[in-house]
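One structure is given here, and the rest of the page talks about it.
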Amino acid sequence: MSAFGATSTNLNPNRSTEVLQPPTDSVSSLSFSPKANFLVATSWDNQLTWCMLCQLFVGTMLGVAMHDAPVKELAWIPEMNLLVTGSLDKTLRYWDLRQQNPTWVQQLPERCYALTVRHPLMVVGTADRNLVVFNLQNPQAEFKRVVSPLKYQTRCLAAFPDQQGFLVGSIEGRVGVHHLDDSQSSKNFTFKCHRDGNDIYSVNSLNFHPIHHTFATAGSDGAFNFWDKDSKQRLKAMQRCNQPIPCSTFNNDGSIFAYAVCYDWSKGAENHNPSTAKTYIYLHLPQDAEVKAKPRAATGSRK
């Protein structure tokens, strides 16, 4: 087995645009501004990196939310003007950034591993494979709790654009498509991805396209792919990079797909080689054929 399943020595096999001066350590998350093409990267060197066209600013992260154990996930909820953080201390905490203390602390059944918000829907994945669903119009009570359809640890989540369900990805190279309404359960399914023969890689990131509502997966095999959940089809498989992709994101209109290529620490510090494990951030410009669902064949009408 080659390192992380990558067989190509090409650092940029998809010919994406490279962001200059990326973080000095592995990237842990990427996020675009909701209105402009500002890209923010967080990294293991305790830095925030802002990128806009050719401008770059690097700053130290400031403490705005405190937990009793490391914070695993966070999301800004503009409809509530609150920050929500999920931690390994088995809590969610909501923060008004003008105040020092959280406005509400929500107990979780286990450690928070993943979180997705698309108001009023929020889904939290915990260490015991529970997926805890919240209606943020009543955030102090669980709306629903389901067991992940995937047999292995939850790695990432993405709420449907219509808030009627969510995607869940696991460390075992598999994605689940789950609808919240029990009457839609026949539409639920799982599928395999980010695999190479007998080698299986984590699904690290799930992102819906903001216009076409298809979605992207990115994984530790160094690949990102585009999918249509409604037709259950892969739209495009991109070339694999020579390191894992730990995170990815679309900009506000889906014209840019940003992804990081770097060591993801899944094999620990003993397998980290600083001389070869460089960090890259790339910008891919999706074509319609990659992210737009293919027309479905018309069904016959009853006469």
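Labeling convention for the structure tokens: chains A, B, ... as they appear, residues from 1 per chain, ligands from 1 in order of appearance.
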
Spatial neighbours of region 12-26 of chain A, 6 Å, only C-alpha atoms, chain gap at least 6 places, as a PDB file with C-alpha atoms, in the first residue's frame:
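Wrote it out as around_38.pdb, contents follow:
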ATOM      1  CA  SER A  43      -4.530  24.979  11.097  1.00  0.00           C
ATOM      2  CA  TRP A  44      -2.602  22.970  13.656  1.00  0.00           C
ATOM      3  CA  ASP A  45      -0.111  25.808  14.132  1.00  0.00           C
ATOM      4  CA  GLN A 239      -7.577  12.771  -9.824  1.00  0.00           C
ATOM      5  CA  CYS A 262      -1.803  17.881   3.736  1.00  0.00           C
ATOM      6  CA  THR A 279       0.524  21.869   3.215  1.00  0.00           C
ATOM      7  CA  ILE A 281      -4.689  24.842  -0.410  1.00  0.00           C
ATOM      8  CA  TYR A 282      -6.167  24.606  -3.904  1.00  0.00           C
ATOM      9  CA  LEU A 283      -9.100  26.288  -5.651  1.00  0.00           C
ATOM     10  CA  HIS A 284     -10.993  24.186  -8.196  1.00  0.00           C
TER      11      HIS A 284
END

All strand (DSSP E) positions in region 158-237 of chain A, as a short mmCIF file (atom, residue, chain, number, x, y, z; two decimals) with C-alpha atoms, in the first residue's frame:
data_model
loop_
_atom_site.label_atom_id
_atom_site.label_comp_id
_atom_site.auth_asym_id
_atom_site.auth_seq_id
_atom_site.Cartn_x
_atom_site.Cartn_y
_atom_site.Cartn_z
CA ALA A 158 -23.82 17.91 5.96
CA ALA A 159 -27.44 19.06 6.25
CA GLY A 165 -32.27 15.36 6.09
CA PHE A 166 -28.50 15.05 6.14
CA LEU A 167 -25.44 13.24 4.87
CA VAL A 168 -23.10 11.39 7.23
CA GLY A 169 -19.58 10.21 6.38
CA SER A 170 -17.48 7.72 8.30
CA ARG A 174 -18.83 5.23 3.28
CA VAL A 175 -21.58 7.89 3.16
CA GLY A 176 -25.15 7.65 4.42
CA VAL A 177 -28.08 9.64 3.00
CA HIS A 178 -30.76 10.04 5.68
CA HIS A 179 -34.18 11.75 5.59
CA PHE A 189 -29.30 4.62 1.44
CA THR A 190 -25.55 4.26 1.96
CA PHE A 191 -22.75 3.97 -0.55
CA LYS A 192 -19.02 3.22 -0.63
CA ARG A 195 -11.51 3.21 -1.64
CA ASP A 196 -8.76 1.62 -3.70
CA ASP A 199 -7.56 -0.03 0.94
CA ILE A 200 -10.27 1.98 2.67
CA VAL A 203 -14.50 10.45 4.27
CA ASN A 204 -13.29 13.73 5.76
CA SER A 205 -15.60 16.34 4.27
CA LEU A 206 -19.11 16.66 2.81
CA ASN A 207 -20.23 19.84 1.03
CA PHE A 208 -23.46 20.62 -0.82
CA PHE A 215 -22.51 17.41 -3.19
CA ALA A 216 -18.80 16.79 -2.90
CA THR A 217 -16.92 14.26 -0.80
CA ALA A 218 -13.22 14.55 0.07
CA GLY A 219 -11.14 11.86 1.70
CA PHE A 224 -12.56 14.61 -4.13
CA ASN A 225 -15.65 13.51 -6.02
CA PHE A 226 -18.98 15.08 -6.97
CA TRP A 227 -22.29 13.23 -6.48
CA ASP A 228 -26.05 13.50 -7.05
CA GLN A 233 -24.84 8.71 -9.19
CA ARG A 234 -21.27 9.95 -9.09
CA LEU A 235 -21.01 12.91 -11.42
CA LYS A 236 -17.24 13.23 -11.52
CA ALA A 237 -14.23 11.51 -9.96
#

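Atom pair CA of Arg296 (chain A) / CA of Lys232 (chain A): separated by 11.6 Å.
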
Region 43-115 of chain A near region 135-152 of chain A within 9 Å: what's each residue's closest atom pair and its distance in Å to one decimal, counting only C-alpha atoms, ordered by chain then ascending residue number, as a Markdown table?
| residue | atom | partner | partner_atom | distance |
| --- | --- | --- | --- | --- |
| A:Met80 | CA | A:Leu136 | CA | 8.7 |
| A:Trp104 | CA | A:Gln140 | CA | 7.7 |
| A:Val105 | CA | A:Gln140 | CA | 8.4 |
| A:Gln106 | CA | A:Gln140 | CA | 6.8 |

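When DSSP reads the backbone of this structure, the residues of region 52-296 of chain A it assigns to helix (DSSP H, G or I) are Asp182, Ser183, Gln184, Ser185, Ser186, Lys187, Ala269, Glu270, Asn271, Asp288, Ala289, Glu290 and Val291 of chain A.
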
Generate the output file for the selected residues, C-alpha atoms, as an mmCIF file, in the first residue's frame.
data_model
loop_
_atom_site.group_PDB
_atom_site.id
_atom_site.type_symbol
_atom_site.label_atom_id
_atom_site.label_comp_id
_atom_site.auth_asym_id
_atom_site.auth_seq_id
_atom_site.Cartn_x
_atom_site.Cartn_y
_atom_site.Cartn_z
ATOM 1 C CA ASP A 182 -39.975 8.520 8.565
ATOM 2 C CA SER A 183 -42.333 8.456 5.576
ATOM 3 C CA GLN A 184 -39.289 9.193 3.376
ATOM 4 C CA SER A 185 -37.203 6.344 4.805
ATOM 5 C CA SER A 186 -37.373 4.437 1.513
ATOM 6 C CA LYS A 187 -35.092 7.133 0.088
ATOM 7 C CA ALA A 269 3.023 11.881 14.875
ATOM 8 C CA GLU A 270 5.325 8.902 14.300
ATOM 9 C CA ASN A 271 4.317 8.817 10.619
ATOM 10 C CA ASP A 288 -21.448 22.263 -14.942
ATOM 11 C CA ALA A 289 -20.816 18.675 -16.025
ATOM 12 C CA GLU A 290 -19.119 18.024 -12.686
ATOM 13 C CA VAL A 291 -21.736 19.486 -10.322
#

Considering only C-alpha atoms, state which residue in the set A:Asn130, A:Arg155, A:Lys292, A:Asp253 is at the smallest distance from Ser231 (chain A). A:Lys292

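CA of Pro286 (chain A) sits 6.6 Å away from CA of Ile256 (chain A).
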